[in-house]
file protein_16.txt (compact mmCIF, C-alpha atoms)
# COMPACT_ATOMS: atom_id res chain seq x y z
CA MET B 298 15.89 -11.09 -14.51
CA LEU B 299 18.97 -8.89 -14.22
CA VAL B 300 16.83 -5.79 -14.54
CA ASP B 301 15.87 -6.22 -10.91
CA GLY B 302 19.31 -6.81 -9.45
CA ILE B 303 21.88 -9.56 -9.49
CA HIS B 304 20.97 -10.71 -5.98
CA ASP B 305 17.50 -11.87 -7.10
CA LEU B 306 18.76 -15.36 -7.88
CA GLY B 307 15.72 -17.63 -7.53
CA GLY B 308 15.51 -19.82 -10.63
CA MET B 309 18.60 -18.49 -12.39
CA GLN B 310 20.26 -21.19 -14.47
CA GLY B 311 23.83 -22.07 -15.29
CA LEU B 312 25.37 -21.41 -11.90
CA GLY B 313 26.66 -24.95 -11.47
CA ALA B 314 26.92 -27.31 -8.52
CA VAL B 315 26.50 -26.38 -4.88
CA ASP B 316 29.90 -26.48 -3.20
CA HIS B 317 28.45 -28.31 -0.23
CA SER B 318 30.35 -29.33 2.85
CA PRO B 319 28.53 -30.80 5.86
CA ALA B 320 31.00 -29.08 8.17
CA GLU B 321 32.92 -25.87 7.69
CA PRO B 322 34.29 -23.30 10.12
CA VAL B 323 32.10 -20.33 11.04
CA PHE B 324 34.77 -17.97 9.73
CA ARG B 325 37.24 -19.39 7.21
CA CYS B 326 39.76 -16.60 7.84
CA ARG B 327 40.04 -13.82 10.39
CA TRP B 328 39.17 -11.15 7.83
CA GLU B 329 35.68 -12.64 7.47
CA ALA B 330 34.99 -12.13 11.17
CA VAL B 331 36.41 -8.60 10.95
CA ALA B 332 34.23 -7.79 7.93
CA ARG B 333 31.18 -9.04 9.80
CA ALA B 334 32.04 -6.92 12.84
CA LEU B 335 32.73 -3.82 10.72
CA LEU B 336 29.32 -4.05 9.07
CA ALA B 337 27.70 -4.21 12.50
CA VAL B 338 29.67 -1.13 13.56
CA VAL B 339 28.82 0.89 10.45
CA ALA B 340 25.15 -0.14 10.34
CA GLY B 341 24.85 0.88 13.99
CA ALA B 342 26.67 4.20 13.52
CA VAL B 343 24.53 5.25 10.53
CA GLU B 344 21.34 3.66 11.91
CA ALA B 345 20.78 1.70 8.70
CA SER B 346 17.49 -0.16 8.46
CA GLY B 347 17.49 -3.77 7.32
CA GLY B 348 16.25 -2.57 3.96
CA GLU B 349 19.02 -0.02 3.54
CA PHE B 350 21.66 -2.57 4.57
CA ARG B 351 20.40 -5.21 2.13
CA HIS B 352 20.10 -2.69 -0.68
CA SER B 353 23.71 -1.62 -0.17
CA ILE B 354 24.71 -5.20 -1.09
CA GLU B 355 22.20 -5.45 -3.92
CA ARG B 356 23.72 -2.37 -5.58
CA MET B 357 27.08 -4.11 -6.02
CA GLU B 358 28.37 -4.33 -9.56
CA PRO B 359 26.92 -7.65 -10.83
CA GLY B 360 30.24 -9.19 -11.84
CA HIS B 361 31.74 -8.33 -8.46
CA TYR B 362 28.66 -9.72 -6.66
CA LEU B 363 28.83 -13.09 -8.42
CA THR B 364 32.57 -13.55 -8.07
CA SER B 365 33.05 -12.48 -4.47
CA SER B 366 32.25 -14.30 -1.26
CA TYR B 367 29.50 -13.41 1.17
CA TYR B 368 31.79 -11.61 3.58
CA GLU B 369 33.24 -9.55 0.73
CA HIS B 370 29.63 -8.50 0.11
CA TRP B 371 29.40 -7.44 3.74
CA LEU B 372 32.70 -5.55 3.52
CA THR B 373 31.53 -3.76 0.38
CA ALA B 374 28.22 -2.89 2.06
CA ALA B 375 30.00 -1.59 5.19
CA ALA B 376 32.35 0.59 3.15
CA THR B 377 29.55 1.84 0.89
CA LEU B 378 27.33 2.84 3.81
CA ALA B 379 30.32 4.43 5.59
CA VAL B 380 31.07 6.58 2.52
CA GLU B 381 27.43 7.44 1.79
CA HIS B 382 26.89 8.59 5.37
CA GLY B 383 30.15 10.55 5.52
CA LEU B 384 32.06 8.43 8.05
CA VAL B 385 34.97 7.96 5.62
CA THR B 386 35.72 8.87 2.01
CA GLY B 387 36.37 6.60 -0.95
CA SER B 388 39.81 8.11 -1.48
CA GLU B 389 40.78 7.51 2.16
CA LEU B 390 39.77 3.87 1.76
CA GLU B 391 41.80 3.45 -1.43
CA ALA B 392 44.82 5.20 0.05
CA ARG B 393 44.78 2.91 3.09
CA ALA B 394 44.12 -0.23 1.06
CA GLY B 395 46.91 0.65 -1.36
CA GLY B 396 44.68 -0.05 -4.34
CA ARG B 397 41.18 -0.11 -5.72
CA PHE B 398 38.33 -0.35 -3.22
CA PRO B 399 35.16 -1.16 -5.20
CA LEU B 400 31.97 0.21 -3.67
CA SER B 401 28.34 -0.47 -4.55
CA GLY B 402 26.64 1.57 -7.25
CA PRO B 403 24.34 4.53 -6.57
CA VAL B 404 20.77 4.27 -5.31
CA LEU B 405 18.54 4.51 -8.38
CA ALA B 406 15.18 4.88 -6.65
CA PRO B 407 14.04 8.33 -5.49
CA PRO B 408 13.84 8.86 -1.72
CA VAL B 409 10.49 7.89 -0.20
CA VAL B 410 9.01 10.94 1.51
CA GLU B 411 5.42 9.85 2.03
CA ALA B 412 5.07 6.25 3.18
CA GLY B 413 1.29 6.06 3.12
CA PRO B 414 -0.89 4.73 5.91
CA ASP B 415 -0.12 1.56 7.86
CA VAL B 416 -2.28 -1.46 7.10
CA GLY B 417 -3.52 -2.87 10.38
CA THR B 418 -5.78 -5.66 9.19
CA PRO B 419 -4.79 -8.51 6.88
CA ARG B 420 -6.62 -8.33 3.54
CA PHE B 421 -6.22 -12.08 3.03
CA GLY B 422 -6.75 -15.17 5.12
CA VAL B 423 -5.45 -18.75 5.03
CA GLY B 424 -6.75 -20.51 1.93
CA ASP B 425 -7.27 -17.32 -0.11
CA ARG B 426 -5.99 -17.31 -3.67
CA VAL B 427 -3.72 -14.36 -4.40
CA ARG B 428 -1.63 -13.14 -7.31
CA VAL B 429 1.69 -11.37 -6.94
CA ARG B 430 1.72 -7.95 -8.58
CA GLU B 431 3.90 -7.71 -11.63
CA TRP B 432 6.13 -4.67 -11.37
CA HIS B 433 9.80 -3.78 -11.51
CA PRO B 434 10.75 -1.31 -8.81
CA PRO B 435 14.02 0.62 -9.30
CA GLY B 436 14.87 0.27 -5.60
CA HIS B 437 14.85 -2.35 -2.88
CA THR B 438 12.12 -4.96 -2.58
CA ARG B 439 11.70 -8.30 -0.87
CA CYS B 440 9.43 -9.64 -3.56
CA PRO B 441 11.48 -12.15 -5.56
CA GLY B 442 11.21 -11.81 -9.33
CA TYR B 443 10.33 -15.47 -9.86
CA VAL B 444 6.89 -15.15 -8.23
CA ARG B 445 5.79 -11.85 -9.82
CA GLY B 446 2.60 -12.32 -11.80
CA LYS B 447 2.14 -15.83 -10.35
CA ALA B 448 -0.89 -17.07 -8.43
CA GLY B 449 -0.67 -18.91 -5.13
CA THR B 450 -2.51 -19.71 -1.93
CA VAL B 451 -2.04 -18.08 1.46
CA VAL B 452 -0.94 -20.74 3.97
CA ARG B 453 -0.07 -18.52 6.93
CA VAL B 454 -0.79 -14.97 8.03
CA ASP B 455 2.25 -13.56 9.84
CA GLY B 456 2.95 -10.36 11.74
CA ILE B 457 2.75 -6.73 10.68
CA TYR B 458 6.18 -5.43 9.72
CA SER B 459 7.87 -2.39 8.16
CA VAL B 460 7.74 -2.55 4.35
CA PRO B 461 11.35 -2.95 3.14
CA ASP B 462 10.68 -1.12 -0.15
CA ILE B 463 9.98 2.00 1.89
CA GLU B 464 12.43 1.74 4.78
CA ALA B 465 15.35 1.24 2.38
CA HIS B 466 14.80 4.68 0.86
CA GLY B 467 14.44 7.15 3.70
CA THR B 468 13.20 7.57 7.22
CA ALA B 469 9.50 7.10 6.39
CA ARG B 470 7.94 3.78 7.43
CA ARG B 471 4.81 1.87 6.57
CA HIS B 472 3.75 -1.31 8.34
CA GLU B 473 1.73 -4.05 6.70
CA PRO B 474 0.70 -7.66 7.30
CA THR B 475 2.84 -10.38 5.78
CA TYR B 476 1.79 -13.77 4.44
CA SER B 477 3.37 -17.06 3.51
CA VAL B 478 2.10 -17.88 0.02
CA ARG B 479 2.31 -21.38 -1.48
CA PHE B 480 3.07 -21.77 -5.19
CA ASP B 481 3.05 -24.99 -7.16
CA ALA B 482 6.54 -25.39 -8.64
CA ALA B 483 5.19 -26.73 -11.93
CA GLU B 484 3.17 -23.52 -12.31
CA LEU B 485 6.14 -21.33 -11.45
CA TRP B 486 8.46 -22.97 -13.91
CA GLY B 487 6.11 -24.61 -16.41
CA ASP B 488 8.19 -27.74 -16.41
CA GLY B 489 5.76 -30.39 -15.18
CA GLN B 490 7.67 -31.25 -12.00
CA ARG B 491 5.44 -32.97 -9.47
CA GLY B 492 4.91 -32.79 -5.74
CA VAL B 493 6.93 -29.61 -5.16
CA ARG B 494 5.56 -26.51 -3.47
CA VAL B 495 7.54 -23.30 -2.99
CA HIS B 496 6.53 -20.91 -0.21
CA VAL B 497 7.45 -17.23 -0.34
CA ASP B 498 6.83 -14.71 2.45
CA LEU B 499 5.31 -11.52 1.05
CA TRP B 500 4.11 -8.13 2.24
CA ASP B 501 0.49 -7.10 1.69
CA THR B 502 1.17 -4.59 -1.13
CA TYR B 503 2.96 -7.22 -3.17
CA LEU B 504 -0.36 -9.08 -3.55
CA GLU B 505 -3.72 -8.70 -5.21
CA PRO B 506 -6.77 -10.99 -5.07
CA SER B 507 -6.77 -13.77 -7.65
CA MET M 159 62.98 -22.23 13.93
CA SER M 160 63.47 -20.65 10.57
CA SER M 161 63.12 -16.91 10.41
CA SER M 162 60.47 -17.22 7.69
CA ALA M 163 57.97 -18.24 10.39
CA HIS M 164 58.04 -14.65 11.60
CA HIS M 165 57.13 -13.15 8.25
CA PRO M 166 53.38 -13.31 7.75
CA ALA M 167 52.08 -13.94 4.25
CA PRO M 168 51.38 -10.72 2.34
CA MET M 169 47.79 -9.59 2.65
CA SER M 170 45.38 -10.37 -0.17
CA PRO M 171 43.52 -7.42 -1.74
CA VAL M 172 40.37 -8.16 0.25
CA GLU M 173 42.36 -8.37 3.49
CA GLN M 174 43.92 -5.00 2.64
CA ARG M 175 40.47 -3.50 2.16
CA VAL M 176 39.22 -4.95 5.46
CA ALA M 177 42.31 -3.59 7.23
CA ALA M 178 41.77 -0.16 5.63
CA LEU M 179 38.18 0.15 6.82
CA GLU M 180 39.07 -1.27 10.24
CA ALA M 181 41.86 1.30 10.68
CA LEU M 182 39.70 4.25 9.60
CA LEU M 183 36.78 3.26 11.84
CA THR M 184 39.18 2.74 14.76
CA GLU M 185 40.69 6.21 14.23
CA ARG M 186 37.20 7.74 14.17
CA GLY M 187 36.51 6.09 17.54
CA LEU M 188 33.69 3.96 16.11
CA LEU M 189 35.14 0.50 16.65
CA PRO M 190 35.03 -0.42 20.34
CA GLU M 191 38.04 -2.30 21.66
CA GLY M 192 37.45 -6.04 21.73
CA PHE M 193 34.34 -5.88 19.54
CA ILE M 194 35.75 -8.08 16.78
CA GLU M 195 36.82 -10.71 19.32
CA GLN M 196 33.39 -10.54 20.94
CA ILE M 197 31.61 -11.18 17.62
CA THR M 198 33.99 -14.01 16.76
CA ARG M 199 33.56 -15.70 20.13
CA ARG M 200 29.79 -15.37 20.04
CA TYR M 201 29.37 -17.06 16.67
CA GLU M 202 32.20 -19.56 17.01
CA SER M 203 31.30 -20.97 20.40
CA GLU M 204 28.10 -19.60 21.89
CA ILE M 205 25.48 -20.00 19.20
CA GLY M 206 25.29 -22.64 16.51
CA PRO M 207 23.47 -25.79 15.41
CA MET M 208 23.99 -27.37 18.84
CA ASN M 209 21.17 -25.09 20.00
CA GLY M 210 18.76 -26.22 17.31
CA ALA M 211 19.71 -29.83 18.04
CA LYS M 212 18.50 -29.40 21.63
CA VAL M 213 15.17 -28.08 20.37
CA VAL M 214 14.77 -31.05 18.03
CA ALA M 215 15.70 -33.63 20.67
CA ARG M 216 13.22 -32.13 23.13
CA ALA M 217 10.48 -32.22 20.49
CA TRP M 218 11.21 -35.89 19.75
CA LEU M 219 10.89 -36.81 23.42
CA ASP M 220 8.06 -34.58 24.57
CA PRO M 221 4.87 -34.59 22.47
CA ARG M 222 3.49 -31.53 24.26
CA TYR M 223 6.66 -29.57 23.57
CA LYS M 224 6.53 -30.64 19.93
CA GLN M 225 2.95 -29.45 19.64
CA GLN M 226 3.91 -26.11 21.14
CA LEU M 227 6.98 -25.86 18.89
CA LEU M 228 4.91 -26.34 15.76
CA ALA M 229 2.21 -23.92 16.97
CA ASP M 230 4.51 -21.13 18.21
CA GLY M 231 8.13 -21.77 17.34
CA THR M 232 9.48 -18.54 18.82
CA ALA M 233 7.96 -19.18 22.26
CA ALA M 234 8.91 -22.87 22.39
CA ILE M 235 12.50 -22.12 21.36
CA ALA M 236 12.69 -19.31 23.92
CA GLU M 237 11.69 -21.86 26.57
CA LEU M 238 15.05 -23.56 26.01
CA GLY M 239 16.82 -20.20 26.28
CA PHE M 240 17.38 -19.40 22.60
CA GLY M 241 16.31 -16.21 20.85
CA GLY M 242 17.53 -12.88 19.53
CA PRO M 243 18.32 -11.33 16.16
CA GLU M 244 17.15 -13.39 13.16
CA GLY M 245 15.15 -15.57 15.53
CA ASP M 246 12.37 -13.26 16.65
CA HIS M 247 9.73 -14.86 14.44
CA MET M 248 10.39 -18.58 14.18
CA VAL M 249 8.31 -21.10 12.26
CA VAL M 250 9.19 -24.78 12.65
CA VAL M 251 8.22 -27.10 9.80
CA GLU M 252 7.95 -30.84 10.42
CA ASN M 253 9.29 -33.58 8.18
CA THR M 254 7.18 -36.73 7.96
CA ALA M 255 7.29 -39.87 5.85
CA ALA M 256 5.19 -38.01 3.25
CA VAL M 257 6.58 -34.44 3.45
CA HIS M 258 10.11 -33.08 3.28
CA ASN M 259 10.83 -29.42 4.09
CA VAL M 260 13.88 -27.39 3.08
CA ILE M 261 14.81 -23.75 3.70
CA VAL M 262 16.50 -21.21 1.45
CA CYS M 263 16.85 -17.45 1.06
CA THR M 264 16.92 -16.59 -2.64
CA LEU M 265 17.42 -12.84 -2.11
CA CYS M 266 20.24 -12.89 0.45
CA SER M 267 21.14 -15.17 3.33
CA CYS M 268 18.32 -15.14 5.91
CA TYR M 269 18.86 -17.93 8.41
CA PRO M 270 17.77 -18.63 12.00
CA TRP M 271 20.90 -17.49 13.87
CA PRO M 272 19.85 -18.35 17.46
CA VAL M 273 19.27 -22.02 16.64
CA LEU M 274 21.66 -22.65 13.74
CA GLY M 275 24.35 -19.97 14.09
CA LEU M 276 25.69 -18.24 10.99
CA PRO M 277 24.89 -19.88 7.65
CA PRO M 278 27.50 -21.99 5.86
CA ALA M 279 29.08 -20.53 2.71
CA TRP M 280 27.19 -22.83 0.32
CA TYR M 281 23.83 -21.65 1.71
CA LYS M 282 24.74 -18.05 0.79
CA ASP M 283 26.36 -18.76 -2.58
CA PRO M 284 24.43 -18.32 -5.85
CA PRO M 285 23.97 -21.98 -6.92
CA TYR M 286 21.98 -23.04 -3.84
CA ARG M 287 19.83 -19.89 -3.84
CA ALA M 288 19.10 -20.16 -7.56
CA ARG M 289 18.37 -23.88 -7.74
CA MET M 290 16.57 -24.82 -4.51
CA VAL M 291 13.36 -23.09 -5.63
CA ARG M 292 13.57 -24.30 -9.23
CA GLU M 293 14.65 -27.94 -9.03
CA PRO M 294 14.71 -28.96 -5.37
CA ARG M 295 14.26 -32.69 -6.02
CA ALA M 296 17.26 -32.79 -8.33
CA LEU M 297 19.37 -30.55 -6.11
CA LEU M 298 18.58 -32.51 -2.94
CA ALA M 299 19.60 -35.73 -4.70
CA GLU M 300 22.80 -34.06 -5.88
CA MET M 301 23.54 -32.99 -2.30
CA GLY M 302 23.15 -36.55 -1.02
CA CYS M 303 19.47 -36.45 -0.06
CA PRO M 304 17.52 -38.39 -2.68
CA LEU M 305 13.78 -38.54 -2.00
CA PRO M 306 11.17 -40.96 -3.34
CA GLU M 307 8.91 -39.43 -6.00
CA GLU M 308 5.89 -39.72 -3.70
CA VAL M 309 7.44 -37.53 -0.99
CA GLU M 310 6.12 -33.97 -1.29
CA ILE M 311 8.82 -31.31 -1.13
CA ARG M 312 8.04 -28.00 0.56
CA VAL M 313 10.57 -25.27 -0.03
CA TRP M 314 10.45 -22.20 2.26
CA ASP M 315 12.03 -19.02 0.85
CA SER M 316 12.79 -16.75 3.84
CA SER M 317 11.90 -13.52 2.06
CA ALA M 318 10.27 -11.55 4.92
CA GLU M 319 10.68 -11.60 8.72
CA VAL M 320 10.00 -15.27 9.54
CA ARG M 321 12.97 -17.60 9.92
CA TYR M 322 12.47 -21.34 9.52
CA LEU M 323 13.77 -24.45 11.23
CA VAL M 324 13.15 -27.95 9.91
CA LEU M 325 12.13 -30.56 12.49
CA PRO M 326 13.68 -33.74 11.10
CA GLN M 327 12.10 -37.18 11.54
CA ARG M 328 13.42 -39.10 14.50
CA PRO M 329 15.69 -41.88 13.24
CA PRO M 330 14.65 -45.48 13.88
CA ALA M 331 16.11 -47.50 16.76
CA THR M 332 16.63 -44.50 19.01
CA GLU M 333 13.96 -45.35 21.61
CA VAL M 334 16.41 -45.89 24.46
CA MET M 335 18.46 -42.78 23.86
CA THR M 336 18.64 -39.87 26.27
CA GLU M 337 17.87 -36.31 25.23
CA ALA M 338 21.58 -35.49 25.00
CA GLU M 339 22.27 -38.60 22.91
CA LEU M 340 19.43 -37.69 20.57
CA ALA M 341 20.68 -34.11 20.24
CA ALA M 342 24.08 -35.46 19.18
CA LEU M 343 22.41 -37.15 16.18
CA VAL M 344 20.89 -33.93 14.85
CA THR M 345 22.93 -32.22 12.15
CA ARG M 346 22.84 -28.66 10.83
CA ASP M 347 22.04 -30.00 7.35
CA ALA M 348 19.03 -31.94 8.66
CA MET M 349 17.67 -28.75 10.25
CA ILE M 350 18.12 -26.84 6.96
CA GLY M 351 16.49 -29.75 5.18
CA VAL M 352 19.30 -30.83 2.84
CA ALA M 353 19.77 -34.12 4.71
CA ARG M 354 17.61 -36.73 6.42
CA LEU M 355 18.73 -38.53 9.55

call {"tool": "encode", "arguments": {"input": "protein_16.txt", "output": "C-alpha cells"}}
result
Amino acid sequence: MLVDGIHDLGGMQGLGAVDHSPAEPVFRCRWEAVARALLAVVAGAVEASGGEFRHSIERMEPGHYLTSSYYEHWLTAAATLAVEHGLVTGSELEARAGGRFPLSGPVLAPPVVEAGPDVGTPRFGVGDRVRVREWHPPGHTRCPGYVRGKAGTVVRVDGIYSVPDIEAHGTARRHEPTYSVRFDAAELWGDGQRGVRVHVDLWDTYLEPS
Amino acid sequence: MSSSAHHPAPMSPVEQRVAALEALLTERGLLPEGFIEQITRRYESEIGPMNGAKVVARAWLDPRYKQQLLADGTAAIAELGFGGPEGDHMVVVENTAAVHNVIVCTLCSCYPWPVLGLPPAWYKDPPYRARMVREPRALLAEMGCPLPEEVEIRVWDSSAEVRYLVLPQRPPATEVMTEAELAALVTRDAMIGVARL
C-alpha cells in the first residue's frame, strides 16, 4: 500500500490502539494554533487548492509522517508550500530554526495541462453496481487504495465538484459528479465479518460500471 | 517568587520551526497582526461540539426538523445558524436500534467543523484511520462502545466533499427534558459515532 503514499491508511495493520480521550483541548500547546494559522496564511498567499494543500502533506517522508502529530504535518505543509512558491527559502527556515527543517518530498506527477471536459450528468444512480478502477496514480487522489478494484453499490449521488487529482497539479480544473458508494466489509477484507458496510465518497472517473 | 519562573522552558525543535516560519512570514508582511489569536479564539470558544449538540437536541424534539435534517443536512443546520468551511455539504446519518453509524477520514482528517469544531488528535492519528474501516466492531468495543452482533455498522469515510454528522438515539427517560437539557447530554463522541448515549 505504501506505493500510493503513507497517508492512505485505510486497513493498514499493526498501528496499535487508538489513544482515545473523550475530552481534550482544541490546541494542546500554543504552537499547534500557530501552525494552524500559518498554514491558512500560506495557503491563502499561494492560492493553494485543497488538492495541492493535501498533497503537500502526503509528500512527507513516510517515517516523519507516522511519527509526527497532525499539526506538525500542517507546519511541514505550510513550510513546503512557502518554499515551493518562493515566499521563503529552505536555508532561511533552517537558519532561523537553528537546525534541520524537514520539508515534504518533490511532486512526482507531471503538471496537468489539459483537464478534459467537465462531466455535467451523473453516469450512475442510486442502486447501481459500480467497480472502482484499479490504478496507481503518481500524484494526488482522493480514491483510497483499499477500495480500488472493489465492487459496491451507489447509495447517494452528491454534487459536482473539482476533481482533486487534477486541481492538485496545476491551474486546470475538471468538475464531475460524486457518489457515496457502499461496500460490504467482508468483501473488502475477505475476513467474513458480518453486518458491516463501509461507505466511500468517490468522483465519477474513479468508477466504472460493474 | 523564584527567579526560575521568569525563564521559559527552552523551545522544542518543532516549536523552533514554527517560530522560524512565523518570523519569516511576519517579516514578509504576510501574517496579519492578531490573526493567530483570531484563529485560536474561533476554534476554542466559538465553534465546537456544542453546536452539533443543539442540532441533535432540536431533531429529538421536533419531528419535522429531524425529517428536514436527514433530507438536507446543510440547510437544516444552517437554520440554527451553523455553516461555513468543512460544513458546506452536510449529510446527517441516523442511529437506530438496528443501525449504528460512525465517521472517519482514512486519507486525512476531514471533519464537520461548523458543528463539531476541530477534530480531536485521536481522530487524525493513524490507528483510528487505519482500523475504523477494517474492523469497526472490534475497534468500537475497544473504545468503550460495544454493539450487539445484530446491530448493523455503517462506516462513512469522508473522502470527497460531504462531511458527516451522526444523529445519536435519544436516551431513555428524557421525555421531560428541555431542549437545552437534552443538548447537554449530547457528546462529541456520540456525534462521531464512537459512543452511544

call {"tool": "closest_atom_pairs", "arguments": {"input": "protein_16.txt", "of": "chain M", "to": "chain B", "cutoff": "7 Å", "atoms": "all atoms listed in the file", "output": "JSON lines"}}
result
{"residue": "M:Glu173", "atom": "CA", "partner": "B:Trp328", "partner_atom": "CA", "distance": 6.1}
{"residue": "M:Gln174", "atom": "CA", "partner": "B:Ala394", "partner_atom": "CA", "distance": 5.0}
{"residue": "M:Arg175", "atom": "CA", "partner": "B:Ala394", "partner_atom": "CA", "distance": 5.0}
{"residue": "M:Val176", "atom": "CA", "partner": "B:Ala332", "partner_atom": "CA", "distance": 6.3}
{"residue": "M:Ala178", "atom": "CA", "partner": "B:Arg393", "partner_atom": "CA", "distance": 5.0}
{"residue": "M:Leu179", "atom": "CA", "partner": "B:Leu390", "partner_atom": "CA", "distance": 6.5}
{"residue": "M:Glu180", "atom": "CA", "partner": "B:Leu335", "partner_atom": "CA", "distance": 6.9}
{"residue": "M:Leu188", "atom": "CA", "partner": "B:Val338", "partner_atom": "CA", "distance": 7.0}
{"residue": "M:Leu189", "atom": "CA", "partner": "B:Val338", "partner_atom": "CA", "distance": 6.5}
{"residue": "M:Ile194", "atom": "CA", "partner": "B:Ala334", "partner_atom": "CA", "distance": 5.5}
{"residue": "M:Ile197", "atom": "CA", "partner": "B:Ala334", "partner_atom": "CA", "distance": 6.4}
{"residue": "M:Thr198", "atom": "CA", "partner": "B:Ala330", "partner_atom": "CA", "distance": 6.0}
{"residue": "M:Glu202", "atom": "CA", "partner": "B:Val323", "partner_atom": "CA", "distance": 6.0}
{"residue": "M:Thr264", "atom": "CA", "partner": "B:Gly307", "partner_atom": "CA", "distance": 5.1}
{"residue": "M:Leu265", "atom": "CA", "partner": "B:Asp305", "partner_atom": "CA", "distance": 5.1}
{"residue": "M:Cys266", "atom": "CA", "partner": "B:His304", "partner_atom": "CA", "distance": 6.8}
{"residue": "M:Leu276", "atom": "CA", "partner": "B:Val323", "partner_atom": "CA", "distance": 6.7}
{"residue": "M:Pro278", "atom": "CA", "partner": "B:Glu321", "partner_atom": "CA", "distance": 6.9}
{"residue": "M:Trp280", "atom": "CA", "partner": "B:His317", "partner_atom": "CA", "distance": 5.6}
{"residue": "M:Lys282", "atom": "CA", "partner": "B:Tyr367", "partner_atom": "CA", "distance": 6.7}
{"residue": "M:Pro284", "atom": "CA", "partner": "B:Leu306", "partner_atom": "CA", "distance": 6.7}
{"residue": "M:Pro285", "atom": "CA", "partner": "B:Leu312", "partner_atom": "CA", "distance": 5.2}
{"residue": "M:Tyr286", "atom": "CA", "partner": "B:Val315", "partner_atom": "CA", "distance": 5.7}
{"residue": "M:Arg287", "atom": "CA", "partner": "B:Gly307", "partner_atom": "CA", "distance": 6.0}
{"residue": "M:Ala288", "atom": "CA", "partner": "B:Gly307", "partner_atom": "CA", "distance": 4.2}
{"residue": "M:Arg289", "atom": "CA", "partner": "B:Gly308", "partner_atom": "CA", "distance": 5.7}
{"residue": "M:Val291", "atom": "CA", "partner": "B:Gly307", "partner_atom": "CA", "distance": 6.2}
{"residue": "M:Arg292", "atom": "CA", "partner": "B:Gly308", "partner_atom": "CA", "distance": 5.1}
{"residue": "M:Glu310", "atom": "CA", "partner": "B:Gly492", "partner_atom": "CA", "distance": 4.8}
{"residue": "M:Ile311", "atom": "CA", "partner": "B:Val493", "partner_atom": "CA", "distance": 4.8}
{"residue": "M:Arg312", "atom": "CA", "partner": "B:Arg494", "partner_atom": "CA", "distance": 5.0}
{"residue": "M:Val313", "atom": "CA", "partner": "B:Val495", "partner_atom": "CA", "distance": 4.7}
{"residue": "M:Trp314", "atom": "CA", "partner": "B:His496", "partner_atom": "CA", "distance": 4.8}
{"residue": "M:Asp315", "atom": "CA", "partner": "B:Val497", "partner_atom": "CA", "distance": 5.1}
{"residue": "M:Ser316", "atom": "CA", "partner": "B:Asp498", "partner_atom": "CA", "distance": 6.5}
{"residue": "M:Ser317", "atom": "CA", "partner": "B:Asp498", "partner_atom": "CA", "distance": 5.2}
{"residue": "M:Ala318", "atom": "CA", "partner": "B:Asp498", "partner_atom": "CA", "distance": 5.3}
{"residue": "M:Asp347", "atom": "CA", "partner": "B:Pro319", "partner_atom": "CA", "distance": 6.7}

call {"tool": "atom_distance", "arguments": {"input": "protein_16.txt", "atom1": "atom CA of M:Ser203", "atom2": "atom CA of M:Val273"}}
result
12.6 Å

call {"tool": "residues_near_point", "arguments": {"input": "protein_16.txt", "point": "(3.5, -13.1, -9.7)", "cutoff": "6 Å", "atoms": "all atoms listed in the file", "output": "list in words"}}
result
Arg428, Val429, Arg430, Glu431, Val444, Arg445, Gly446 and Lys447 of chain B

call {"tool": "residues_around", "arguments": {"input": "protein_16.txt", "residues": "M:Arg346", "least_positions_apart": "4", "cutoff": "12 Å", "atoms": "all atoms listed in the file", "output": "number ranges by chain"}}
result
B: 318-321; M: 206-212, 214, 260-261, 269-271, 273-278, 281, 323-326, 341-342, 350-355

call {"tool": "write_last_selection", "arguments": {"input": "protein_16.txt", "atoms": "C-alpha atoms", "output": "mmCIF file, in the coordinates of the input"}}
result
data_model
loop_
_atom_site.group_PDB
_atom_site.id
_atom_site.type_symbol
_atom_site.label_atom_id
_atom_site.label_comp_id
_atom_site.auth_asym_id
_atom_site.auth_seq_id
_atom_site.Cartn_x
_atom_site.Cartn_y
_atom_site.Cartn_z
ATOM 1 C CA SER B 318 30.350 -29.330 2.850
ATOM 2 C CA PRO B 319 28.530 -30.800 5.860
ATOM 3 C CA ALA B 320 31.000 -29.080 8.170
ATOM 4 C CA GLU B 321 32.920 -25.870 7.690
ATOM 5 C CA GLY M 206 25.290 -22.640 16.510
ATOM 6 C CA PRO M 207 23.470 -25.790 15.410
ATOM 7 C CA MET M 208 23.990 -27.370 18.840
ATOM 8 C CA ASN M 209 21.170 -25.090 20.000
ATOM 9 C CA GLY M 210 18.760 -26.220 17.310
ATOM 10 C CA ALA M 211 19.710 -29.830 18.040
ATOM 11 C CA LYS M 212 18.500 -29.400 21.630
ATOM 12 C CA VAL M 214 14.770 -31.050 18.030
ATOM 13 C CA VAL M 260 13.880 -27.390 3.080
ATOM 14 C CA ILE M 261 14.810 -23.750 3.700
ATOM 15 C CA TYR M 269 18.860 -17.930 8.410
ATOM 16 C CA PRO M 270 17.770 -18.630 12.000
ATOM 17 C CA TRP M 271 20.900 -17.490 13.870
ATOM 18 C CA VAL M 273 19.270 -22.020 16.640
ATOM 19 C CA LEU M 274 21.660 -22.650 13.740
ATOM 20 C CA GLY M 275 24.350 -19.970 14.090
ATOM 21 C CA LEU M 276 25.690 -18.240 10.990
ATOM 22 C CA PRO M 277 24.890 -19.880 7.650
ATOM 23 C CA PRO M 278 27.500 -21.990 5.860
ATOM 24 C CA TYR M 281 23.830 -21.650 1.710
ATOM 25 C CA LEU M 323 13.770 -24.450 11.230
ATOM 26 C CA VAL M 324 13.150 -27.950 9.910
ATOM 27 C CA LEU M 325 12.130 -30.560 12.490
ATOM 28 C CA PRO M 326 13.680 -33.740 11.100
ATOM 29 C CA ALA M 341 20.680 -34.110 20.240
ATOM 30 C CA ALA M 342 24.080 -35.460 19.180
ATOM 31 C CA ILE M 350 18.120 -26.840 6.960
ATOM 32 C CA GLY M 351 16.490 -29.750 5.180
ATOM 33 C CA VAL M 352 19.300 -30.830 2.840
ATOM 34 C CA ALA M 353 19.770 -34.120 4.710
ATOM 35 C CA ARG M 354 17.610 -36.730 6.420
ATOM 36 C CA LEU M 355 18.730 -38.530 9.550
#

call {"tool": "closest_residue", "arguments": {"input": "protein_16.txt", "among": "B:Asp462, B:His433, B:Thr450, B:Ser507", "to": "B:Gly347", "atoms": "only C-alpha atoms"}}
result
B:Asp462

call {"tool": "atom_distance", "arguments": {"input": "protein_16.txt", "atom1": "atom CA of B:Ala345", "atom2": "atom CA of B:Thr377"}}
result
11.7 Å
